[in-house]
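File shown: data-v8.cif (mmCIF, C-alpha atoms).
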```
data_input
#
loop_
_atom_site.label_atom_id
_atom_site.label_comp_id
_atom_site.auth_asym_id
_atom_site.auth_seq_id
_atom_site.Cartn_x
_atom_site.Cartn_y
_atom_site.Cartn_z
CA MET A 1 29.19 92.97 20.06
CA THR A 2 30.77 95.61 17.84
CA THR A 3 30.86 99.18 19.07
CA SER A 4 29.59 101.72 16.59
CA THR A 5 31.81 104.68 15.72
CA GLU A 6 28.74 106.84 15.15
CA TRP A 7 27.46 109.21 17.85
CA THR A 8 23.79 108.28 18.30
CA PRO A 9 21.89 110.35 20.85
CA SER A 10 18.83 108.14 20.25
CA LEU A 11 20.69 105.19 21.80
CA TRP A 12 21.14 107.27 24.96
CA TYR A 13 17.52 108.52 24.99
CA ASP A 14 16.08 105.06 24.34
CA THR A 15 18.27 103.36 26.96
CA PHE A 16 17.48 106.09 29.51
CA ASN A 17 13.74 105.58 28.99
CA GLU A 18 14.03 101.77 29.02
CA LEU A 19 15.86 101.87 32.35
CA LEU A 20 13.24 104.20 33.78
CA ASP A 21 10.22 102.33 32.43
CA ASP A 22 11.24 98.69 32.38
CA ASP A 23 13.73 98.54 35.23
CA SER A 24 12.18 101.21 37.51
CA GLU A 25 15.61 102.69 38.25
CA LEU A 26 14.13 105.92 39.66
CA ASP A 27 10.79 104.70 40.96
CA TYR A 28 9.84 107.72 43.09
CA GLY A 29 6.90 109.05 41.07
CA ASP A 30 8.89 111.90 39.49
CA ARG A 31 9.25 112.40 35.74
CA TRP A 32 12.84 112.33 34.43
CA THR A 33 14.12 113.43 31.01
CA LEU A 34 17.51 113.26 29.32
CA LYS A 35 18.83 116.03 27.09
CA VAL A 36 22.13 116.44 25.25
CA ASN A 37 24.03 119.73 25.22
CA TYR A 38 27.38 120.04 23.48
CA ASN A 39 28.51 123.14 25.40
CA LYS A 40 27.97 122.30 29.08
CA THR A 41 30.98 121.66 31.30
CA ASP A 42 31.44 120.25 34.77
CA GLU A 43 31.57 123.78 36.24
CA ILE A 44 28.41 124.86 38.07
CA THR A 45 27.91 128.46 39.13
CA TYR A 46 26.64 129.51 42.54
CA GLU A 47 23.30 130.49 40.95
CA GLU A 48 22.98 127.08 39.27
CA ARG A 49 23.70 125.34 42.59
CA LYS A 50 20.99 127.46 44.24
CA LYS A 51 18.60 126.20 41.56
CA GLY A 52 19.45 122.61 42.52
CA TRP A 53 21.88 121.64 39.75
CA LYS A 54 24.47 118.99 40.50
CA VAL A 55 27.18 117.51 38.29
CA SER A 56 28.85 114.16 37.81
CA THR A 57 31.36 112.89 35.32
CA HIS A 58 31.92 109.49 33.80
CA GLN A 59 34.80 107.94 31.92
CA ALA A 60 33.52 105.48 29.33
CA ASN A 61 34.72 103.16 26.58
CA GLY A 62 33.90 104.44 23.13
CA LYS A 63 34.94 104.23 19.52
CA PHE A 64 35.70 107.07 17.12
CA GLN A 65 35.92 107.59 13.39
CA CYS A 66 37.62 110.63 11.87
CA VAL A 67 35.22 112.51 9.61
CA SER A 68 38.13 113.54 7.35
CA CYS A 69 40.30 110.43 6.81
CA LYS A 70 37.89 107.74 8.14
CA LYS A 71 40.50 106.29 10.54
CA THR A 72 38.87 104.50 13.52
CA TRP A 73 40.16 104.05 17.07
CA GLY A 74 38.88 103.02 20.45
CA SER A 75 39.32 104.78 23.76
CA ALA A 76 38.61 103.81 27.36
CA GLN A 77 38.90 107.47 28.34
CA VAL A 78 35.85 109.08 26.78
CA ARG A 79 34.65 111.87 29.04
CA LEU A 80 30.93 112.38 29.73
CA VAL A 81 29.53 115.17 31.88
CA PHE A 82 26.06 114.88 33.41
CA ARG A 83 24.26 117.85 34.99
CA TYR A 84 21.11 116.94 36.85
CA ARG A 85 18.44 118.25 39.18
CA LEU A 86 15.05 117.39 40.59
CA LEU A 87 12.66 120.31 40.88
CA GLY A 88 8.93 120.11 41.58
CA GLY A 89 8.52 116.49 40.50
CA GLN A 90 10.49 117.04 37.27
CA GLY A 91 13.97 115.58 36.98
CA THR A 92 16.33 116.72 34.25
CA VAL A 93 19.63 115.19 33.18
CA ILE A 94 21.75 117.13 30.68
CA MET A 95 24.58 115.13 29.16
CA ARG A 96 27.63 116.27 27.25
CA PRO A 97 29.94 113.89 25.43
CA PHE A 98 33.48 115.10 24.75
CA GLY A 99 35.23 114.20 21.52
CA GLN A 100 38.71 113.32 20.40
CA ALA A 101 40.78 114.55 17.47
CA CYS A 102 42.36 112.19 14.96
CA LEU A 103 46.04 111.36 15.51
CA ARG A 104 46.61 111.13 11.75
CA CYS A 105 44.91 114.46 10.86
CA ARG A 106 45.99 116.34 14.02
CA GLY A 107 43.35 118.99 13.50
CA ASP A 108 41.06 120.86 15.83
CA LYS A 109 38.02 118.89 14.64
CA PHE A 110 36.72 116.73 17.47
CA ASN A 111 34.93 113.53 16.56
CA LEU A 112 32.11 112.41 18.84
CA PRO A 113 32.24 108.85 20.19
CA GLY A 114 30.10 105.86 19.42
CA PHE A 115 29.12 103.46 22.21
CA ASP A 116 27.69 99.99 22.51
CA LYS A 117 24.44 99.55 24.42
CA LYS A 118 26.12 97.90 27.42
CA GLU A 119 28.44 100.89 27.89
CA VAL A 120 25.50 103.29 27.66
CA GLU A 121 23.63 101.23 30.27
CA GLN A 122 26.65 101.26 32.62
CA ALA A 123 27.03 105.04 32.32
CA LEU A 124 23.32 105.64 32.90
CA LEU A 125 23.11 103.19 35.81
CA ARG A 126 25.99 105.06 37.44
CA GLN A 127 24.12 108.32 36.85
CA PHE A 128 20.94 106.86 38.37
CA TYR A 129 23.00 105.84 41.41
CA LYS A 130 24.15 109.48 41.73
CA ILE A 131 20.57 110.72 41.37
CA ARG A 132 19.27 108.32 44.01
CA LYS A 133 22.07 109.38 46.36
CA ASN A 134 21.95 113.15 45.79
CA CYS A 135 18.29 113.81 44.95
CA TYR A 136 16.54 111.14 47.03
CA HIS A 137 19.20 110.73 49.75
CA GLU A 138 19.29 106.98 49.21
CA GLU A 139 22.49 105.50 50.58
CA ASP A 140 22.18 101.78 50.02
CA GLY A 141 21.11 101.74 46.35
CA GLU A 142 23.12 99.52 44.06
CA LYS A 143 26.47 98.37 45.32
CA ALA A 144 29.08 100.45 43.58
CA GLY A 145 32.83 100.28 43.41
CA ASP A 146 35.18 102.76 45.09
CA ASN A 147 34.57 105.33 42.34
CA GLY A 148 30.77 105.24 42.65
CA ARG A 149 30.48 103.27 39.44
CA PRO A 150 28.83 99.85 39.41
CA SER A 151 31.69 97.39 39.36
CA SER A 152 32.33 95.68 36.04
CA GLU A 153 33.77 92.25 35.41
CA SER A 154 37.07 93.46 34.02
CA GLU A 155 39.13 96.60 33.66
CA GLU A 156 40.15 97.37 30.10
CA LYS A 157 43.84 98.08 29.55
CA THR A 158 44.45 101.01 27.22
CA LYS A 159 47.26 102.96 25.66
CA PRO A 160 48.43 106.15 27.39
CA HIS A 161 46.04 109.11 27.23
CA LYS A 162 46.90 111.68 24.53
CA ASN A 163 45.90 115.00 26.13
CA HIS A 164 46.52 117.00 22.94
CA LEU A 165 43.84 114.98 21.11
CA CYS A 166 41.26 115.06 23.93
CA GLN A 167 38.58 117.75 23.79
CA ALA A 168 37.95 117.50 27.55
CA CYS A 169 41.66 118.05 28.29
CA ARG A 170 41.86 120.99 25.89
CA VAL A 171 39.04 122.79 27.70
CA GLY A 172 40.48 122.00 31.12
CA HIS A 173 38.27 119.03 32.09
CA CYS A 174 40.65 116.12 31.78
CA CYS A 175 39.10 112.68 32.06
CA LEU A 176 41.90 111.68 34.41
CA ASP A 177 40.79 114.25 37.01
CA ASP A 178 37.37 112.85 37.98
CA LYS A 179 35.03 115.35 39.63
CA ASP A 180 31.72 114.54 41.25
CA ASP A 181 29.35 116.17 43.70
CA ASN A 182 29.27 112.76 45.42
#
```
Structure translated into structure tokens:
Amino acid sequence: MTTSTEWTPSLWYDTFNELLDDDSELDYGDRWTLKVNYNKTDEITYEERKKGWKVSTHQANGKFQCVSCKKTWGSAQVRLVFRYRLLGGQGTVIMRPFGQACLRCRGDKFNLPGFDKKEVEQALLRQFYKIRKNCYHEEDGEKAGDNGRPSSESEEKTKPHKNHLCQACRVGHCCLDDKDDN
């Protein structure tokens, strides 16, 4: 399966809803929605915590294409931030993808990643695991690896991380410093 270089929020929305509807990932009778926000970070204020917001991060495999020179590249260090809460029967997940700049162009323009469906499913299943654990206090959910992420068949070997091209690193949220509420 070829990974698209195009950022497609609809792939995330559709997969989120499929997992909720078809696979009953959060079968507690609450309504959950996914939103995308390109400005949220993994920092939560005291007031936000009081309102029930939690945060988790995920490092994913994605593919990029420079909007200027059309160069493409893959990365196993694409940073995603998820903010989530359950309040009065309504669950909300707000996701932010971080981009990468082109090595050839070396500009400040960050390109958003494309993902294949399997990668989107893995990221969302990990997020559902966090929701079950932190919102429903479920401990035994899916078996997850040491990092709270469902274990995958193989680890992908990648080139060294280029901090100067990573949007998450530039704003102080490096994908190599994983933060999670739990």
Practice task
With a distance cut-off of 10 Å and all atoms listed in the file, select the neighbouring residues of Leu86 (chain A), excluding the residue or stretch itself and same-chain residues fewer than 2 positions from it, and output the selection as number ranges by chain.
Solution key: A: 30-32, 51-54, 84, 88-93, 131, 134-136
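Of the listed residues (A:Glu6, A:Glu121, A:Glu138, A:Glu48), A:Glu121 comes nearest to Leu20 (chain A); the distances count all atoms listed in the file.
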Practice task
Find the spatial neighbours of Ser68 (chain A), counting all atoms listed in the file, within a cut-off of 12 Å - ignore same-chain residues fewer than 5 positions away - and output them as a list in words.
Solution key: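 In the requested format, the answer is Ala101, Cys102, Leu103, Arg104, Cys105, Arg106, Gly107, Asp108, Lys109, Phe110 and Asn111 of chain A.
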Practice task
Grab the CA of Ala60 (chain A) to CA of His137 (chain A) distance for me, in Å with one decimal place.
Solution key: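 So the two atoms, CA of Ala60 (chain A) and CA of His137 (chain A), lie 25.5 Å apart.
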Exercise for the section: List the residues matched by the PyMOL selection byres ((chain A and resi 161-168) around 6) in the displayed structure as a list in words, ordered by chain and then by residue number. Expected result: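 With the PyMOL selection byres ((chain A and resi 161-168) around 6) on this model, the match is Phe98, Gly99, Gln100, Ala101, Pro160, Cys169, Arg170, Val171, His173 and Cys174 of chain A.
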Exercise for the section: Have a look at CA of Lys133 (chain A) and CA of Trp7 (chain A) and let me know their distance in Å, one decimal. Expected result: 29.0 Å
